[in-house]
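> Just so it is clear, I am handing over work19.pdb, which has PDB, C-alpha atoms.
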ATOM      1  CA  MET A  20       7.304 -17.977   4.782
ATOM      2  CA  ARG A  21       8.734 -16.674   8.076
ATOM      3  CA  LYS A  22      10.683 -19.946   8.625
ATOM      4  CA  ALA A  23      12.337 -19.616   5.230
ATOM      5  CA  CYS A  24      13.109 -15.987   5.945
ATOM      6  CA  VAL A  25      14.670 -16.840   9.319
ATOM      7  CA  SER A  26      16.883 -19.486   7.712
ATOM      8  CA  SER A  27      18.014 -17.041   5.054
ATOM      9  CA  LEU A  28      18.828 -14.360   7.589
ATOM     10  CA  ALA A  29      20.669 -16.856   9.750
ATOM     11  CA  ALA A  30      22.887 -17.724   6.798
ATOM     12  CA  VAL A  31      23.594 -14.035   6.269
ATOM     13  CA  ALA A  32      24.484 -13.545   9.928
ATOM     14  CA  ALA A  33      27.193 -16.195   9.646
ATOM     15  CA  VAL A  34      29.139 -14.086   7.145
ATOM     16  CA  THR A  35      28.093 -10.576   8.220
ATOM     17  CA  PRO A  36      30.747  -8.204   9.611
ATOM     18  CA  ALA A  37      30.622  -7.771  13.380
ATOM     19  CA  HIS A  38      29.347  -4.179  13.233
ATOM     20  CA  ALA A  39      26.224  -5.308  11.343
ATOM     21  CA  THR A  40      25.506  -8.516  13.254
ATOM     22  CA  ARG A  41      23.122  -6.723  15.623
ATOM     23  CA  ASP A  42      20.988  -5.503  12.713
ATOM     24  CA  VAL A  43      20.813  -8.980  11.211
ATOM     25  CA  ARG A  44      19.851 -10.578  14.517
ATOM     26  CA  LEU A  45      17.115  -8.027  15.139
ATOM     27  CA  VAL A  46      15.647  -8.563  11.673
ATOM     28  CA  GLN A  47      16.006 -12.318  12.148
ATOM     29  CA  ARG A  48      13.901 -12.064  15.312
ATOM     30  CA  ILE A  49      11.320  -9.949  13.492
ATOM     31  CA  ALA A  50      11.156 -12.558  10.746
ATOM     32  CA  ALA A  51      10.396 -15.123  13.448
ATOM     33  CA  GLY A  52       7.451 -13.003  14.607
ATOM     34  CA  ASP A  53       9.117 -11.388  17.629
ATOM     35  CA  GLU A  54       7.141  -8.183  18.258
ATOM     36  CA  THR A  55       9.591  -7.167  20.985
ATOM     37  CA  ALA A  56      12.339  -6.972  18.386
ATOM     38  CA  LEU A  57      10.128  -4.813  16.174
ATOM     39  CA  THR A  58       9.439  -2.495  19.109
ATOM     40  CA  ARG A  59      13.152  -2.231  19.774
ATOM     41  CA  VAL A  60      13.880  -1.351  16.163
ATOM     42  CA  TYR A  61      11.027   1.156  16.160
ATOM     43  CA  ASP A  62      12.220   2.869  19.334
ATOM     44  CA  GLN A  63      15.739   3.104  17.954
ATOM     45  CA  PHE A  64      15.083   4.169  14.366
ATOM     46  CA  ALA A  65      11.639   5.799  14.242
ATOM     47  CA  PRO A  66      13.070   9.300  14.879
ATOM     48  CA  THR A  67      15.456   8.873  11.941
ATOM     49  CA  VAL A  68      12.688   7.576   9.672
ATOM     50  CA  PHE A  69      10.426  10.439  10.760
ATOM     51  CA  GLY A  70      13.158  12.989  10.065
ATOM     52  CA  VAL A  71      13.743  11.691   6.549
ATOM     53  CA  ALA A  72      10.030  11.692   5.755
ATOM     54  CA  ARG A  73       9.430  15.148   7.182
ATOM     55  CA  ARG A  74      12.285  16.682   5.203
ATOM     56  CA  VAL A  75      10.668  15.403   2.011
ATOM     57  CA  LEU A  76       7.043  16.089   2.927
ATOM     58  CA  GLY A  77       7.320  19.159   5.113
ATOM     59  CA  ASP A  78       4.390  17.914   7.149
ATOM     60  CA  ALA A  79       4.555  16.116  10.489
ATOM     61  CA  THR A  80       1.257  14.250  10.136
ATOM     62  CA  ALA A  81       2.133  12.917   6.694
ATOM     63  CA  ALA A  82       5.598  11.977   7.974
ATOM     64  CA  GLU A  83       4.038   9.982  10.825
ATOM     65  CA  ASP A  84       1.972   8.057   8.260
ATOM     66  CA  VAL A  85       5.169   7.218   6.375
ATOM     67  CA  VAL A  86       6.814   6.000   9.601
ATOM     68  CA  GLN A  87       3.926   3.609  10.146
ATOM     69  CA  GLU A  88       4.126   2.363   6.543
ATOM     70  CA  VAL A  89       7.877   1.754   6.821
ATOM     71  CA  PHE A  90       7.667  -0.335   9.971
ATOM     72  CA  VAL A  91       4.653  -2.281   8.705
ATOM     73  CA  SER A  92       6.769  -3.068   5.640
ATOM     74  CA  LEU A  93       9.631  -4.240   7.879
ATOM     75  CA  TRP A  94       7.261  -6.483   9.851
ATOM     76  CA  GLU A  95       5.642  -7.983   6.757
ATOM     77  CA  ARG A  96       8.759  -8.282   4.569
ATOM     78  CA  PRO A  97      11.874  -8.449   6.780
ATOM     79  CA  HIS A  98      13.644 -10.553   4.151
ATOM     80  CA  MET A  99      13.949  -7.445   1.980
ATOM     81  CA  PHE A 100      16.699  -6.126   4.259
ATOM     82  CA  ASP A 101      20.163  -6.961   2.931
ATOM     83  CA  SER A 102      22.961  -6.244   5.387
ATOM     84  CA  ALA A 103      25.506  -6.537   2.592
ATOM     85  CA  ARG A 104      24.140  -3.325   1.100
ATOM     86  CA  GLY A 105      24.142  -1.226   4.256
ATOM     87  CA  THR A 106      22.892  -0.829   7.792
ATOM     88  CA  LEU A 107      19.351  -1.307   8.982
ATOM     89  CA  ALA A 108      19.131   2.430   9.696
ATOM     90  CA  ALA A 109      20.165   3.267   6.134
ATOM     91  CA  TRP A 110      17.678   0.782   4.691
ATOM     92  CA  LEU A 111      14.802   2.138   6.765
ATOM     93  CA  GLY A 112      15.783   5.667   5.780
ATOM     94  CA  MET A 113      15.763   4.645   2.133
ATOM     95  CA  LEU A 114      12.272   3.164   2.514
ATOM     96  CA  ALA A 115      11.081   6.351   4.201
ATOM     97  CA  HIS A 116      12.512   8.502   1.415
ATOM     98  CA  ARG A 117      10.914   6.381  -1.311
ATOM     99  CA  ARG A 118       7.506   6.358   0.319
ATOM    100  CA  ALA A 119       7.635  10.080   1.044
ATOM    101  CA  VAL A 120       8.576  10.857  -2.559
ATOM    102  CA  ASP A 121       5.764   8.585  -3.797
ATOM    103  CA  ARG A 122       3.329  10.456  -1.559
ATOM    104  CA  VAL A 123       4.518  13.823  -2.906
ATOM    105  CA  ARG A 124       4.068  12.587  -6.465
ATOM    106  CA  ARG A 125       0.551  11.340  -5.743
ATOM    107  CA  GLU A 126      -0.388  14.647  -4.144
ATOM    108  CA  GLU A 127       1.029  16.605  -7.082
ATOM    109  CA  ALA A 128      -0.881  14.416  -9.532
ATOM    110  CA  SER A 129      -4.053  14.943  -7.499
ATOM    111  CA  ARG A 130      -3.530  18.707  -7.513
ATOM    112  CA  ARG A 131      -2.970  18.692 -11.273
ATOM    113  CA  ARG A 132      -6.213  16.779 -11.784
ATOM    114  CA  ALA A 133      -8.061  19.190  -9.497
ATOM    115  CA  ASP A 134      -6.604  22.213 -11.323
ATOM    116  CA  ALA A 135      -7.554  20.724 -14.685
ATOM    117  CA  MET A 136     -11.102  20.092 -13.503
ATOM    118  CA  ALA A 137     -11.338  23.607 -12.057
ATOM    119  CA  ALA A 138     -10.229  25.074 -15.400
ATOM    120  CA  GLN A 139     -13.041  23.348 -17.263
ATOM    121  CA  PRO A 140     -16.292  25.284 -17.847
ATOM    122  CA  PRO A 141     -19.095  24.270 -15.484
ATOM    123  CA  SER A 142     -21.352  21.540 -16.768
ATOM    124  CA  PRO A 143     -25.047  22.255 -17.208
ATOM    125  CA  PRO A 144     -27.259  20.892 -14.452
ATOM    126  CA  PRO A 145     -28.111  17.232 -15.094
ATOM    127  CA  ASP A 146     -31.488  16.068 -16.168
ATOM    128  CA  ILE A 147     -33.529  14.855 -13.180
ATOM    129  CA  ASP A 148     -34.192  11.462 -14.743
ATOM    130  CA  GLU A 149     -30.512  11.084 -15.586
ATOM    131  CA  ALA A 150     -29.500  12.037 -12.039
ATOM    132  CA  VAL A 151     -31.904   9.509 -10.522
ATOM    133  CA  SER A 152     -30.644   6.834 -12.923
ATOM    134  CA  SER A 153     -27.021   7.584 -12.021
ATOM    135  CA  LEU A 154     -27.784   7.342  -8.309
ATOM    136  CA  TRP A 155     -29.533   4.013  -8.830
ATOM    137  CA  ILE A 156     -26.662   2.620 -10.900
ATOM    138  CA  GLY A 157     -24.150   3.803  -8.288
ATOM    139  CA  GLU A 158     -26.111   2.066  -5.543
ATOM    140  CA  ARG A 159     -26.345  -1.159  -7.570
ATOM    141  CA  VAL A 160     -22.590  -1.091  -8.188
ATOM    142  CA  ARG A 161     -21.964  -0.573  -4.471
ATOM    143  CA  MET A 162     -24.219  -3.486  -3.576
ATOM    144  CA  ALA A 163     -22.574  -5.698  -6.192
ATOM    145  CA  VAL A 164     -19.159  -4.889  -4.743
ATOM    146  CA  GLN A 165     -20.397  -5.743  -1.241
ATOM    147  CA  ASP A 166     -21.523  -9.161  -2.522
ATOM    148  CA  LEU A 167     -17.997 -10.056  -3.692
ATOM    149  CA  PRO A 168     -15.849 -12.451  -1.627
ATOM    150  CA  GLU A 169     -13.957 -10.527   1.029
ATOM    151  CA  GLU A 170     -10.504 -10.862  -0.585
ATOM    152  CA  GLN A 171     -11.811  -9.647  -3.965
ATOM    153  CA  ARG A 172     -13.829  -6.835  -2.399
ATOM    154  CA  ALA A 173     -10.715  -5.572  -0.610
ATOM    155  CA  CYS A 174      -8.817  -5.362  -3.913
ATOM    156  CA  VAL A 175     -11.654  -3.512  -5.676
ATOM    157  CA  ASN A 176     -12.101  -1.027  -2.833
ATOM    158  CA  LEU A 177      -8.392  -0.206  -2.768
ATOM    159  CA  ALA A 178      -7.943   0.010  -6.541
ATOM    160  CA  TYR A 179     -11.174   1.674  -7.655
ATOM    161  CA  PHE A 180     -12.339   3.651  -4.649
ATOM    162  CA  GLU A 181      -8.975   4.619  -3.136
ATOM    163  CA  GLY A 182      -6.975   4.883  -6.357
ATOM    164  CA  LYS A 183      -4.265   2.378  -5.402
ATOM    165  CA  THR A 184      -2.072   0.686  -8.005
ATOM    166  CA  TYR A 185      -1.687  -3.121  -8.229
ATOM    167  CA  VAL A 186       1.681  -2.785  -6.470
ATOM    168  CA  GLU A 187       0.148  -0.729  -3.645
ATOM    169  CA  VAL A 188      -2.831  -3.090  -3.331
ATOM    170  CA  ALA A 189      -0.482  -6.064  -3.042
ATOM    171  CA  ALA A 190       1.660  -4.277  -0.443
ATOM    172  CA  ILE A 191      -1.296  -3.163   1.679
ATOM    173  CA  LEU A 192      -2.893  -6.615   1.664
ATOM    174  CA  GLY A 193       0.428  -8.435   2.061
ATOM    175  CA  ILE A 194      -0.062 -10.574  -1.033
ATOM    176  CA  PRO A 195       1.973 -11.103  -4.235
ATOM    177  CA  GLU A 196       1.279  -8.620  -7.032
ATOM    178  CA  GLY A 197       0.158 -11.460  -9.297
ATOM    179  CA  THR A 198      -2.403 -12.522  -6.691
ATOM    180  CA  ALA A 199      -3.723  -8.966  -6.489
ATOM    181  CA  LYS A 200      -4.143  -8.852 -10.280
ATOM    182  CA  SER A 201      -5.849 -12.258 -10.332
ATOM    183  CA  ARG A 202      -8.310 -11.268  -7.599
ATOM    184  CA  MET A 203      -9.057  -8.022  -9.414
ATOM    185  CA  ARG A 204      -9.773  -9.805 -12.692
ATOM    186  CA  LEU A 205     -12.112 -12.267 -10.964
ATOM    187  CA  ALA A 206     -13.864  -9.445  -9.129
ATOM    188  CA  LEU A 207     -14.410  -7.387 -12.286
ATOM    189  CA  ARG A 208     -15.724 -10.409 -14.143
ATOM    190  CA  LYS A 209     -18.240 -11.111 -11.360
ATOM    191  CA  LEU A 210     -19.281  -7.465 -11.204
ATOM    192  CA  ALA A 211     -19.761  -7.309 -14.973
ATOM    193  CA  ASP A 212     -21.888 -10.473 -14.929
ATOM    194  CA  THR A 213     -23.995  -9.224 -12.010
ATOM    195  CA  LEU A 214     -24.586  -5.785 -13.501
ATOM    196  CA  ASP A 215     -25.206  -7.138 -17.011
ATOM    197  CA  ALA A 216     -27.929  -9.332 -15.551
ATOM    198  CA  GLU A 217     -29.602  -6.161 -14.262
ATOM    199  CA  GLY A 218     -29.220  -4.334 -17.565
ATOM    200  CA  ILE A 219     -26.263  -2.252 -16.444
ATOM    201  CA  SER A 220     -23.261  -2.555 -18.740
ATOM    202  CA  SER A 221     -21.374   0.642 -17.940
ATOM    203  CA  TRP A 222     -19.048  -1.125 -15.470
ATOM    204  CA  ARG A 223     -17.186  -2.762 -18.356
TER     205      ARG A 223
END
Represent the structure of the file as structure tokens.

Amino acid sequence: MRKACVSSLAAVAAVTPAHATRDVRLVQRIAAGDETALTRVYDQFAPTVFGVARRVLGDATAAEDVVQEVFVSLWERPHMFDSARGTLAAWLGMLAHRRAVDRVRREEASRRRADAMAAQPPSPPPDIDEAVSSLWIGERVRMAVQDLPEEQRACVNLAYFEGKTYVEVAAILGIPEGTAKSRMRLALRKLADTLDAEGISSWR
């Protein structure tokens, strides 16, 4: 993958204007696995990326998380940079803005869910037998998840226990979206079979 990316970037460098050649060469080195080049890009552009994220989020800690996400994305998918569309600084700033906006939207959605739950009348205390049964089922589900192959377990944990979308799962694990969906389907099928065998069908 990195060899193909390097070849592609090399072809771009041959026709790139002089003022953008440095950006292309740095990304080309990153595509070849040069961590020194990534460090150089980070040192040069991290303050800009942080500034963009903080303006959107209004929170330094959250902005630092976005900075990390942006440079992980650059390291894992350097081929996404297109010098014909702008500078490396502009591209990184765009990534920071997108990720910051996505984070704001997720937080707003979470707040809306929390407000909706808070507005609901309190539920009556659960029956003791029902509570014990729920705890047992939850433990069986957890154990069934732990028994999944590692790559499937990672997808389930991200999607069901951390609320990530297929796109986010694929990005975090560095795999194609279709692969993430396929692993999720296999995992759910195995979980359903395991839990059905124990008389638990609620997972479906």
> Set the distance at 12 Å and use all atoms listed in the file: which residues neighbour Gln171 (chain A) once local chain neighbours fewer than 5 positions away are removed? I'd like the list as a short mmCIF file (atom, residue, chain, number, x, y, z; two decimals) with C-alpha atoms, in the coordinates of the input.

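Contents of around_1.cif, freshly written:
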data_model
loop_
_atom_site.label_atom_id
_atom_site.label_comp_id
_atom_site.auth_asym_id
_atom_site.auth_seq_id
_atom_site.Cartn_x
_atom_site.Cartn_y
_atom_site.Cartn_z
CA ALA A 163 -22.57 -5.70 -6.19
CA VAL A 164 -19.16 -4.89 -4.74
CA GLN A 165 -20.40 -5.74 -1.24
CA ASP A 166 -21.52 -9.16 -2.52
CA ASN A 176 -12.10 -1.03 -2.83
CA LEU A 177 -8.39 -0.21 -2.77
CA ALA A 178 -7.94 0.01 -6.54
CA TYR A 179 -11.17 1.67 -7.66
CA VAL A 188 -2.83 -3.09 -3.33
CA ALA A 189 -0.48 -6.06 -3.04
CA LEU A 192 -2.89 -6.62 1.66
CA THR A 198 -2.40 -12.52 -6.69
CA ALA A 199 -3.72 -8.97 -6.49
CA LYS A 200 -4.14 -8.85 -10.28
CA SER A 201 -5.85 -12.26 -10.33
CA ARG A 202 -8.31 -11.27 -7.60
CA MET A 203 -9.06 -8.02 -9.41
CA ARG A 204 -9.77 -9.80 -12.69
CA LEU A 205 -12.11 -12.27 -10.96
CA ALA A 206 -13.86 -9.44 -9.13
CA LEU A 207 -14.41 -7.39 -12.29
CA ARG A 208 -15.72 -10.41 -14.14
CA LYS A 209 -18.24 -11.11 -11.36
CA LEU A 210 -19.28 -7.46 -11.20
#
> Using all atoms listed in the file, can you tell me which of A:Arg122, A:Arg104, A:Arg117, A:Arg48 comes closest to Asp78 (chain A)?
A:Arg122
> Name all residues at most 12 Å from Arg125 (chain A) (count all atoms listed in the file; drop same-chain ones fewer than 5 positions away) and give them as a PDB file with C-alpha atoms, in the frame of the given file.

ATOM      1  CA  LEU A  76       7.043  16.089   2.927  1.00  0.00           C
ATOM      2  CA  ARG A 118       7.506   6.358   0.319  1.00  0.00           C
ATOM      3  CA  ALA A 119       7.635  10.080   1.044  1.00  0.00           C
ATOM      4  CA  VAL A 120       8.576  10.857  -2.559  1.00  0.00           C
ATOM      5  CA  ARG A 130      -3.530  18.707  -7.513  1.00  0.00           C
ATOM      6  CA  ARG A 131      -2.970  18.692 -11.273  1.00  0.00           C
ATOM      7  CA  ARG A 132      -6.213  16.779 -11.784  1.00  0.00           C
ATOM      8  CA  GLU A 181      -8.975   4.619  -3.136  1.00  0.00           C
ATOM      9  CA  GLY A 182      -6.975   4.883  -6.357  1.00  0.00           C
ATOM     10  CA  LYS A 183      -4.265   2.378  -5.402  1.00  0.00           C
ATOM     11  CA  THR A 184      -2.072   0.686  -8.005  1.00  0.00           C
TER      12      THR A 184
END
> Skipping near chain neighbours, those fewer than 5 positions away, what residues fall within 8 Å of Leu111 (chain A) using only C-alpha atoms, listed as a ChimeraX atom specification?
/A:64,68,89
> Between A:Val85, A:Leu107, A:Arg74, A:Thr80, which residue has the minimum interatomic distance to Arg44 (chain A), considering all atoms listed in the file?
A:Leu107
